[in-house]
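Below is the file final.csv, which contains CSV, C-alpha atoms.
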```csv
chain,number,residue,atom,x,y,z
F,261,THR,CA,-32.9,71.9,-24.4
F,262,LYS,CA,-30.6,74.3,-26.2
F,263,GLU,CA,-27.4,75.6,-24.7
F,264,THR,CA,-24.6,77.9,-26.0
F,265,VAL,CA,-20.9,77.2,-25.9
F,266,THR,CA,-17.9,78.9,-27.4
F,267,ALA,CA,-15.4,77.6,-29.9
F,268,GLY,CA,-12.6,80.1,-30.2
F,269,THR,CA,-14.4,83.5,-30.7
F,270,ALA,CA,-17.6,82.0,-32.1
F,271,SER,CA,-20.7,80.9,-30.2
F,272,VAL,CA,-22.6,77.8,-31.2
F,273,THR,CA,-25.9,76.4,-30.2
F,274,VAL,CA,-26.0,72.8,-28.8
F,275,ASN,CA,-28.9,70.4,-28.4
F,276,ALA,CA,-28.8,68.2,-25.3
F,277,THR,CA,-32.1,66.4,-25.8
F,278,THR,CA,-30.7,62.9,-26.8
F,279,GLN,CA,-28.3,62.5,-23.9
F,280,VAL,CA,-27.8,64.6,-20.9
F,281,VAL,CA,-24.4,65.5,-19.5
F,282,THR,CA,-24.6,65.0,-15.7
F,283,SER,CA,-20.9,65.7,-15.1
F,284,PHE,CA,-17.9,66.7,-17.0
F,285,ALA,CA,-14.3,65.4,-17.0
F,286,ASN,CA,-11.8,67.5,-15.2
F,287,PRO,CA,-10.1,70.0,-17.6
F,288,ALA,CA,-6.5,69.2,-18.4
F,289,SER,CA,-3.7,71.6,-19.3
F,290,THR,CA,0.0,71.9,-19.8
F,291,GLY,CA,2.6,74.6,-20.5
F,292,THR,CA,3.8,75.1,-24.1
F,293,THR,CA,7.0,76.6,-25.5
F,294,PRO,CA,7.5,77.6,-29.2
F,295,GLY,CA,10.4,75.6,-30.6
F,296,SER,CA,9.8,72.8,-28.0
F,297,GLY,CA,6.2,72.0,-28.7
F,298,ALA,CA,4.0,70.3,-26.1
F,299,VAL,CA,2.4,67.0,-25.1
F,300,LEU,CA,-0.9,66.9,-23.2
F,301,ASP,CA,-1.8,63.3,-22.4
F,302,ASP,CA,-5.0,62.9,-20.3
F,303,ARG,CA,-6.1,59.4,-21.5
F,304,THR,CA,-6.0,57.6,-18.1
F,305,GLY,CA,-7.0,58.3,-14.6
F,306,THR,CA,-10.2,59.1,-12.8
F,307,ASN,CA,-12.5,61.6,-14.6
F,308,SER,CA,-10.0,62.2,-17.4
F,309,THR,CA,-10.8,63.7,-20.8
F,310,GLY,CA,-9.6,60.7,-22.7
F,311,LEU,CA,-7.6,63.0,-25.0
F,312,ALA,CA,-3.9,63.3,-25.9
F,313,VAL,CA,-2.5,66.2,-28.0
F,314,THR,CA,1.0,66.4,-29.3
F,315,ILE,CA,2.2,69.7,-30.8
F,316,PRO,CA,5.6,69.6,-32.6
F,317,GLY,CA,8.0,72.5,-32.0
F,318,ASN,CA,7.8,73.7,-35.6
F,319,ALA,CA,4.0,73.9,-35.5
F,320,TYR,CA,4.3,77.4,-34.0
F,321,ASN,CA,6.2,78.8,-37.0
F,322,ASN,CA,4.0,81.4,-38.6
F,323,SER,CA,1.1,80.6,-36.2
F,324,ASN,CA,-1.3,83.4,-35.2
F,325,GLN,CA,0.4,84.0,-31.8
F,326,SER,CA,1.8,87.4,-30.9
F,327,ASP,CA,4.4,86.0,-28.5
F,328,THR,CA,6.7,83.5,-30.1
F,329,THR,CA,9.1,82.9,-27.2
F,330,GLY,CA,7.2,82.8,-23.9
F,331,THR,CA,5.4,79.9,-22.2
F,332,GLY,CA,1.8,79.4,-23.3
F,333,THR,CA,-0.9,77.1,-22.1
F,334,LEU,CA,-2.6,74.1,-23.9
F,335,THR,CA,-6.0,73.2,-22.4
F,336,ALA,CA,-8.5,70.4,-23.1
F,337,LYS,CA,-12.1,70.8,-21.7
F,338,GLU,CA,-15.2,68.7,-22.1
F,339,VAL,CA,-18.2,70.6,-23.4
F,340,VAL,CA,-21.7,69.8,-24.5
F,341,VAL,CA,-21.8,68.6,-28.2
F,342,PRO,CA,-22.7,71.5,-30.6
F,343,ASP,CA,-25.7,70.7,-32.7
F,344,SER,CA,-25.0,70.5,-36.4
F,345,VAL,CA,-27.4,72.4,-38.7
F,346,SER,CA,-26.8,69.9,-41.5
F,347,GLY,CA,-25.2,66.5,-42.0
F,348,PHE,CA,-24.3,64.4,-39.0
F,349,ASP,CA,-23.7,65.1,-35.3
F,350,ALA,CA,-20.9,63.9,-32.9
F,351,MET,CA,-21.6,60.8,-30.9
F,352,GLY,CA,-22.8,61.2,-27.4
F,353,ALA,CA,-23.6,64.3,-25.4
F,354,SER,CA,-20.1,65.8,-24.9
F,355,ALA,CA,-17.1,66.7,-27.0
F,356,MET,CA,-13.6,68.2,-26.4
F,357,GLU,CA,-12.7,71.8,-26.7
F,358,ILE,CA,-9.0,72.3,-27.3
F,359,LYS,CA,-7.5,75.8,-26.7
F,360,GLN,CA,-4.0,77.2,-26.9
F,361,THR,CA,-2.9,80.6,-25.6
F,362,ASP,CA,0.4,82.3,-25.7
F,363,SER,CA,2.2,83.8,-22.7
F,364,SER,CA,0.1,87.0,-23.0
F,365,GLY,CA,-3.2,85.0,-23.0
F,366,ASN,CA,-3.9,85.5,-26.7
F,367,ALA,CA,-5.6,82.6,-28.5
F,368,VAL,CA,-3.5,80.5,-30.8
F,369,THR,CA,-5.9,78.7,-33.2
F,370,THR,CA,-3.9,77.7,-36.3
F,371,PHE,CA,-0.5,75.9,-36.7
F,372,SER,CA,2.0,75.6,-39.6
F,373,SER,CA,2.6,71.9,-39.0
F,374,PRO,CA,0.1,69.1,-38.1
F,375,VAL,CA,-0.9,68.6,-34.5
F,376,THR,CA,-1.6,65.0,-33.5
F,377,MET,CA,-4.6,64.0,-31.5
F,378,ASN,CA,-5.7,60.7,-29.9
F,379,LEU,CA,-9.3,60.5,-28.5
F,380,VAL,CA,-10.3,57.5,-26.5
F,381,VAL,CA,-14.0,56.3,-26.7
F,382,ASN,CA,-14.5,53.8,-23.9
F,383,LYS,CA,-17.2,51.2,-23.2
F,384,ALA,CA,-19.3,53.5,-21.1
F,385,ASP,CA,-19.3,56.1,-24.0
F,386,VAL,CA,-20.4,53.4,-26.5
F,387,THR,CA,-23.0,51.9,-24.2
F,388,ALA,CA,-24.6,55.3,-23.6
F,389,ALA,CA,-24.7,56.0,-27.3
F,390,LEU,CA,-26.2,52.6,-28.1
F,391,THR,CA,-28.8,53.0,-25.4
F,392,SER,CA,-29.8,56.5,-26.6
F,393,GLY,CA,-30.0,55.3,-30.2
F,394,ASP,CA,-27.2,57.6,-31.4
F,395,ILE,CA,-25.4,54.7,-32.9
F,396,THR,CA,-25.8,51.0,-33.7
F,397,LYS,CA,-23.4,48.2,-33.0
F,398,ASN,CA,-22.4,48.0,-36.6
F,399,GLN,CA,-21.1,51.6,-36.5
F,400,VAL,CA,-18.6,51.0,-33.7
F,401,ASP,CA,-15.8,50.3,-36.1
F,402,ASN,CA,-16.6,53.3,-38.2
F,403,PHE,CA,-15.9,56.1,-35.6
F,404,GLN,CA,-13.9,59.0,-36.9
F,405,LEU,CA,-12.4,62.0,-35.2
F,406,GLY,CA,-14.2,65.1,-36.3
F,407,TYR,CA,-14.2,68.8,-35.6
F,408,PHE,CA,-17.0,71.4,-35.4
F,409,ASP,CA,-16.8,74.0,-38.2
F,410,THR,CA,-18.2,77.2,-36.7
F,411,PRO,CA,-18.7,79.1,-40.0
F,412,THR,CA,-21.0,76.3,-41.3
F,413,GLN,CA,-22.2,75.1,-37.9
F,414,SER,CA,-21.6,71.5,-38.9
F,415,TRP,CA,-19.3,68.6,-38.0
F,416,GLN,CA,-16.5,67.7,-40.4
F,417,THR,CA,-14.4,64.5,-40.4
F,418,LEU,CA,-10.6,64.1,-40.3
F,419,PRO,CA,-8.7,61.2,-41.8
F,420,THR,CA,-8.7,58.9,-38.8
F,421,THR,CA,-6.8,55.8,-37.7
F,422,GLN,CA,-8.8,53.6,-35.4
F,423,THR,CA,-7.5,51.0,-33.0
F,424,CYS,CA,-9.4,48.9,-30.5
F,425,GLU,CA,-8.5,47.2,-27.2
F,426,VAL,CA,-10.4,44.9,-24.9
F,427,GLN,CA,-10.2,44.0,-21.2
F,428,THR,CA,-11.7,40.6,-20.1
F,429,SER,CA,-11.5,41.2,-16.4
F,430,SER,CA,-11.2,44.1,-13.9
F,431,THR,CA,-7.7,43.0,-13.1
F,432,GLY,CA,-6.6,42.2,-16.6
F,433,THR,CA,-4.7,44.3,-19.0
F,434,PHE,CA,-6.0,45.8,-22.3
F,435,VAL,CA,-5.1,43.7,-25.3
F,436,ALA,CA,-5.4,44.7,-29.0
F,437,LYS,CA,-8.3,43.5,-31.0
F,438,SER,CA,-9.4,44.3,-34.5
F,439,CYS,CA,-12.3,46.8,-34.5
F,440,SER,CA,-14.3,44.6,-36.8
F,441,ALA,CA,-13.9,41.7,-34.5
F,442,LEU,CA,-15.0,43.8,-31.5
F,443,VAL,CA,-18.2,44.7,-33.5
F,444,ASP,CA,-18.8,41.0,-34.1
F,445,ASP,CA,-18.4,40.3,-30.4
F,446,LEU,CA,-20.8,43.1,-29.5
F,447,LYS,CA,-23.4,41.7,-31.8
F,448,THR,CA,-23.1,38.2,-30.5
F,449,GLY,CA,-23.2,39.3,-26.8
F,450,VAL,CA,-19.6,38.6,-25.9
F,451,ALA,CA,-19.1,40.4,-22.5
F,452,TYR,CA,-16.0,42.4,-21.7
F,453,ASN,CA,-15.2,44.2,-18.5
F,454,ASP,CA,-14.1,47.1,-20.6
F,455,TYR,CA,-13.0,48.1,-24.1
F,456,ARG,CA,-11.8,51.2,-25.8
F,457,VAL,CA,-11.6,52.6,-29.3
F,458,THR,CA,-8.8,55.1,-29.9
F,459,LEU,CA,-9.2,57.6,-32.7
F,460,LYS,CA,-6.0,59.2,-34.1
F,461,ALA,CA,-5.9,62.2,-36.5
F,462,SER,CA,-4.0,65.3,-37.3
F,463,THR,CA,-5.2,68.9,-37.5
F,464,THR,CA,-3.7,72.4,-38.1
F,465,HIS,CA,-6.3,74.3,-36.1
F,466,PHE,CA,-8.0,74.1,-32.7
F,467,THR,CA,-11.8,74.1,-32.1
F,468,ILE,CA,-14.2,71.5,-30.6
F,469,PHE,CA,-13.5,67.9,-31.5
F,470,GLY,CA,-15.4,64.7,-31.0
F,471,ALA,CA,-16.1,61.1,-32.2
F,472,VAL,CA,-18.4,61.1,-35.2
F,473,VAL,CA,-20.1,58.5,-37.3
F,474,PRO,CA,-20.6,60.0,-40.8
```
As structure tokens - that is how I would like this structure written.
Amino acid sequence: TKETVTAGTASVTVNATTQVVTSFANPASTGTTPGSGAVLDDRTGTNSTGLAVTIPGNAYNNSNQSDTTGTGTLTAKEVVVPDSVSGFDAMGASAMEIKQTDSSGNAVTTFSSPVTMNLVVNKADVTAALTSGDITKNQVDNFQLGYFDTPTQSWQTLPTTQTCEVQTSSTGTFVAKSCSALVDDLKTGVAYNDYRVTLKASTTHFTIFGAVVP
């Protein structure tokens, strides 16, 4: 099944045959002010996007916004994964579209300083990808944060820092664990109530982002 989504001003074709998105996370948004920057943290809570975005105040210098003083809006929304025409695809059936607009509603897509992103891949995401055959257990410690490049219609990776945490019981707290050790546990059948892999990277432009396995 092919569907069309937008990334900025471009349309991309997506393939939803491997996994089907039955529901999307609630969109998250926050106000932004040039000079002050913005923080959008939607990594916890029911039906969250699992994404955190931090824009430093100086990132708006020389950006492509027409209004450099008024309050804008930063939004993260879950979308169907765009289908890459070459190379690799993002993991799973959904990805995150990040948009910034200025106070006049004009899109701000590029920044003069790096914007930091943290994307959480949780146990349910990994289990679905394993079940569909998108990934193998050996690849869980090789996730990277990637973006969809609309001119080439392909996924590109960003230099990524990966951290892993596990929860042994529903009432327990998440504790840090090396990602390679988590992979070993998954292969030997160690059961966790939950676990999560956090991918951290920086970017100077907004588009669609997701977890990829090159």
Selected residue of minimal separation from Val340 (chain F) among F:Phe408, F:Val368, F:Ala436, F:Lys383, counting only C-alpha atoms: F:Phe408
Nearby residues (all atoms listed in the file) at most 12 Å from Thr331 (chain F), same-chain spacing under 3 positions excluded, as a CSV table (one decimal) with C-alpha atoms, in the frame of the given file:
```csv
chain,number,residue,atom,x,y,z
F,290,THR,CA,0.0,71.9,-19.8
F,291,GLY,CA,2.6,74.6,-20.5
F,292,THR,CA,3.8,75.1,-24.1
F,293,THR,CA,7.0,76.6,-25.5
F,294,PRO,CA,7.5,77.6,-29.2
F,295,GLY,CA,10.4,75.6,-30.6
F,296,SER,CA,9.8,72.8,-28.0
F,297,GLY,CA,6.2,72.0,-28.7
F,298,ALA,CA,4.0,70.3,-26.1
F,325,GLN,CA,0.4,84.0,-31.8
F,327,ASP,CA,4.4,86.0,-28.5
F,328,THR,CA,6.7,83.5,-30.1
F,334,LEU,CA,-2.6,74.1,-23.9
F,360,GLN,CA,-4.0,77.2,-26.9
F,361,THR,CA,-2.9,80.6,-25.6
F,362,ASP,CA,0.4,82.3,-25.7
F,363,SER,CA,2.2,83.8,-22.7
F,364,SER,CA,0.1,87.0,-23.0
F,365,GLY,CA,-3.2,85.0,-23.0
F,366,ASN,CA,-3.9,85.5,-26.7
```
Distance criterion (all atoms listed in the file): nearest to Thr464 (chain F) out of F:Thr423, F:Thr370, F:Thr428, F:Ser414: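 Under the stated criterion, the closest residue is F:Thr370.
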Using all atoms listed in the file: which of F:Thr410, F:Thr448, F:Asn286, F:Asn453 has the shortest distance to Ser429 (chain F):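 Ranked by minimum distance to Ser429 (chain F), first place goes to F:Asn453.
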Distance in Å - CA of Asn382 (chain F) versus CA of Gln413 (chain F): 26.6 Å
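Nearest-residue note for Ala461 (chain F): choosing from F:Asn398, F:Ser430, F:Ser346, F:Thr314, the minimum distance belongs to F:Thr314, counting only C-alpha atoms.
Distance-wise, CA of Gln427 (chain F) and CA of Leu442 (chain F) end up 11.4 Å apart.
Computed from the coordinates, the CA of Ser392 (chain F) to CA of Ala288 (chain F) distance equals 27.8 Å.
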Given only C-alpha atoms as the counted atoms, nearest of F:Leu390, F:Val472, F:Val299, F:Leu418 to Ser344 (chain F):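 Using only C-alpha atoms, the shortest distance to Ser344 (chain F) belongs to F:Val472.
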Within 7 Å of Asp301 (chain F) using all atoms listed in the file, minus same-chain residues under 3 positions, as a ChimeraX atom specification: /F:311-313
Among listed residues F:Lys359, F:Lys397, F:Arg303, F:Arg456, nearest Lys437 (chain F) (using all atoms listed in the file):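 For Lys437 (chain F), the nearest of the given residues is F:Arg456.
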Some atoms are missing, so please complete region 417-448 of chain F with N, CA and C atoms and return it as a PDB file, keeping the file's coordinate frame.
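Generated file (part01.pdb):
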```pdb
ATOM      1  N   THR F 417     -15.292  65.597 -40.760  1.00  0.00           N
ATOM      2  CA  THR F 417     -14.400  64.500 -40.400  1.00  0.00           C
ATOM      3  C   THR F 417     -12.962  64.774 -40.715  1.00  0.00           C
ATOM      4  N   LEU F 418     -12.063  64.134 -39.976  1.00  0.00           N
ATOM      5  CA  LEU F 418     -10.600  64.100 -40.300  1.00  0.00           C
ATOM      6  C   LEU F 418     -10.208  62.730 -40.652  1.00  0.00           C
ATOM      7  N   PRO F 419      -9.221  62.573 -41.543  1.00  0.00           N
ATOM      8  CA  PRO F 419      -8.700  61.200 -41.800  1.00  0.00           C
ATOM      9  C   PRO F 419      -8.250  60.586 -40.508  1.00  0.00           C
ATOM     10  N   THR F 420      -8.818  59.437 -40.183  1.00  0.00           N
ATOM     11  CA  THR F 420      -8.700  58.900 -38.800  1.00  0.00           C
ATOM     12  C   THR F 420      -8.153  57.432 -38.889  1.00  0.00           C
ATOM     13  N   THR F 421      -7.224  57.140 -37.980  1.00  0.00           N
ATOM     14  CA  THR F 421      -6.800  55.800 -37.700  1.00  0.00           C
ATOM     15  C   THR F 421      -7.450  55.276 -36.469  1.00  0.00           C
ATOM     16  N   GLN F 422      -8.086  54.115 -36.549  1.00  0.00           N
ATOM     17  CA  GLN F 422      -8.800  53.600 -35.400  1.00  0.00           C
ATOM     18  C   GLN F 422      -8.183  52.303 -34.904  1.00  0.00           C
ATOM     19  N   THR F 423      -7.989  52.222 -33.592  1.00  0.00           N
ATOM     20  CA  THR F 423      -7.500  51.000 -33.000  1.00  0.00           C
ATOM     21  C   THR F 423      -8.391  50.638 -31.794  1.00  0.00           C
ATOM     22  N   CYS F 424      -8.519  49.327 -31.541  1.00  0.00           N
ATOM     23  CA  CYS F 424      -9.400  48.900 -30.500  1.00  0.00           C
ATOM     24  C   CYS F 424      -8.648  47.951 -29.518  1.00  0.00           C
ATOM     25  N   GLU F 425      -9.057  48.001 -28.247  1.00  0.00           N
ATOM     26  CA  GLU F 425      -8.500  47.200 -27.200  1.00  0.00           C
ATOM     27  C   GLU F 425      -9.602  46.658 -26.304  1.00  0.00           C
ATOM     28  N   VAL F 426      -9.421  45.467 -25.745  1.00  0.00           N
ATOM     29  CA  VAL F 426     -10.400  44.900 -24.900  1.00  0.00           C
ATOM     30  C   VAL F 426      -9.784  44.461 -23.544  1.00  0.00           C
ATOM     31  N   GLN F 427     -10.599  44.443 -22.486  1.00  0.00           N
ATOM     32  CA  GLN F 427     -10.200  44.000 -21.200  1.00  0.00           C
ATOM     33  C   GLN F 427     -11.187  42.939 -20.698  1.00  0.00           C
ATOM     34  N   THR F 428     -10.735  41.725 -20.459  1.00  0.00           N
ATOM     35  CA  THR F 428     -11.700  40.600 -20.100  1.00  0.00           C
ATOM     36  C   THR F 428     -12.050  40.617 -18.654  1.00  0.00           C
ATOM     37  N   SER F 429     -11.215  41.166 -17.779  1.00  0.00           N
ATOM     38  CA  SER F 429     -11.500  41.200 -16.400  1.00  0.00           C
ATOM     39  C   SER F 429     -11.038  42.499 -15.750  1.00  0.00           C
ATOM     40  N   SER F 430     -11.547  42.821 -14.572  1.00  0.00           N
ATOM     41  CA  SER F 430     -11.200  44.100 -13.900  1.00  0.00           C
ATOM     42  C   SER F 430      -9.716  44.172 -13.567  1.00  0.00           C
ATOM     43  N   THR F 431      -9.080  43.030 -13.411  1.00  0.00           N
ATOM     44  CA  THR F 431      -7.700  43.000 -13.100  1.00  0.00           C
ATOM     45  C   THR F 431      -6.773  42.733 -14.274  1.00  0.00           C
ATOM     46  N   GLY F 432      -7.390  42.502 -15.421  1.00  0.00           N
ATOM     47  CA  GLY F 432      -6.600  42.200 -16.600  1.00  0.00           C
ATOM     48  C   GLY F 432      -6.121  43.425 -17.334  1.00  0.00           C
ATOM     49  N   THR F 433      -5.188  43.215 -18.246  1.00  0.00           N
ATOM     50  CA  THR F 433      -4.700  44.300 -19.000  1.00  0.00           C
ATOM     51  C   THR F 433      -5.470  44.427 -20.347  1.00  0.00           C
ATOM     52  N   PHE F 434      -5.397  45.581 -20.968  1.00  0.00           N
ATOM     53  CA  PHE F 434      -6.000  45.800 -22.300  1.00  0.00           C
ATOM     54  C   PHE F 434      -5.169  45.131 -23.346  1.00  0.00           C
ATOM     55  N   VAL F 435      -5.806  44.383 -24.227  1.00  0.00           N
ATOM     56  CA  VAL F 435      -5.100  43.700 -25.300  1.00  0.00           C
ATOM     57  C   VAL F 435      -5.718  44.186 -26.649  1.00  0.00           C
ATOM     58  N   ALA F 436      -4.889  44.263 -27.679  1.00  0.00           N
ATOM     59  CA  ALA F 436      -5.400  44.700 -29.000  1.00  0.00           C
ATOM     60  C   ALA F 436      -6.331  43.734 -29.595  1.00  0.00           C
ATOM     61  N   LYS F 437      -7.330  44.271 -30.275  1.00  0.00           N
ATOM     62  CA  LYS F 437      -8.300  43.500 -31.000  1.00  0.00           C
ATOM     63  C   LYS F 437      -8.749  44.259 -32.208  1.00  0.00           C
ATOM     64  N   SER F 438      -8.947  43.606 -33.328  1.00  0.00           N
ATOM     65  CA  SER F 438      -9.400  44.300 -34.500  1.00  0.00           C
ATOM     66  C   SER F 438     -10.787  44.931 -34.209  1.00  0.00           C
ATOM     67  N   CYS F 439     -11.030  46.121 -34.734  1.00  0.00           N
ATOM     68  CA  CYS F 439     -12.300  46.800 -34.500  1.00  0.00           C
ATOM     69  C   CYS F 439     -13.475  46.040 -35.069  1.00  0.00           C
ATOM     70  N   SER F 440     -13.259  45.417 -36.217  1.00  0.00           N
ATOM     71  CA  SER F 440     -14.300  44.600 -36.800  1.00  0.00           C
ATOM     72  C   SER F 440     -14.673  43.416 -35.960  1.00  0.00           C
ATOM     73  N   ALA F 441     -13.645  42.806 -35.341  1.00  0.00           N
ATOM     74  CA  ALA F 441     -13.900  41.700 -34.500  1.00  0.00           C
ATOM     75  C   ALA F 441     -14.615  42.124 -33.189  1.00  0.00           C
ATOM     76  N   LEU F 442     -14.308  43.318 -32.705  1.00  0.00           N
ATOM     77  CA  LEU F 442     -15.000  43.800 -31.500  1.00  0.00           C
ATOM     78  C   LEU F 442     -16.492  44.039 -31.879  1.00  0.00           C
ATOM     79  N   VAL F 443     -16.788  44.549 -33.061  1.00  0.00           N
ATOM     80  CA  VAL F 443     -18.200  44.700 -33.500  1.00  0.00           C
ATOM     81  C   VAL F 443     -18.893  43.356 -33.511  1.00  0.00           C
ATOM     82  N   ASP F 444     -18.219  42.346 -34.055  1.00  0.00           N
ATOM     83  CA  ASP F 444     -18.800  41.000 -34.100  1.00  0.00           C
ATOM     84  C   ASP F 444     -19.120  40.510 -32.681  1.00  0.00           C
ATOM     85  N   ASP F 445     -18.193  40.769 -31.747  1.00  0.00           N
ATOM     86  CA  ASP F 445     -18.400  40.300 -30.400  1.00  0.00           C
ATOM     87  C   ASP F 445     -19.585  41.074 -29.727  1.00  0.00           C
ATOM     88  N   LEU F 446     -19.708  42.367 -30.013  1.00  0.00           N
ATOM     89  CA  LEU F 446     -20.800  43.100 -29.500  1.00  0.00           C
ATOM     90  C   LEU F 446     -22.151  42.610 -29.981  1.00  0.00           C
ATOM     91  N   LYS F 447     -22.181  42.233 -31.245  1.00  0.00           N
ATOM     92  CA  LYS F 447     -23.400  41.700 -31.800  1.00  0.00           C
ATOM     93  C   LYS F 447     -23.821  40.353 -31.344  1.00  0.00           C
ATOM     94  N   THR F 448     -22.816  39.554 -30.975  1.00  0.00           N
ATOM     95  CA  THR F 448     -23.100  38.200 -30.500  1.00  0.00           C
ATOM     96  C   THR F 448     -23.202  38.128 -28.975  1.00  0.00           C
TER      97      THR F 448
END
```
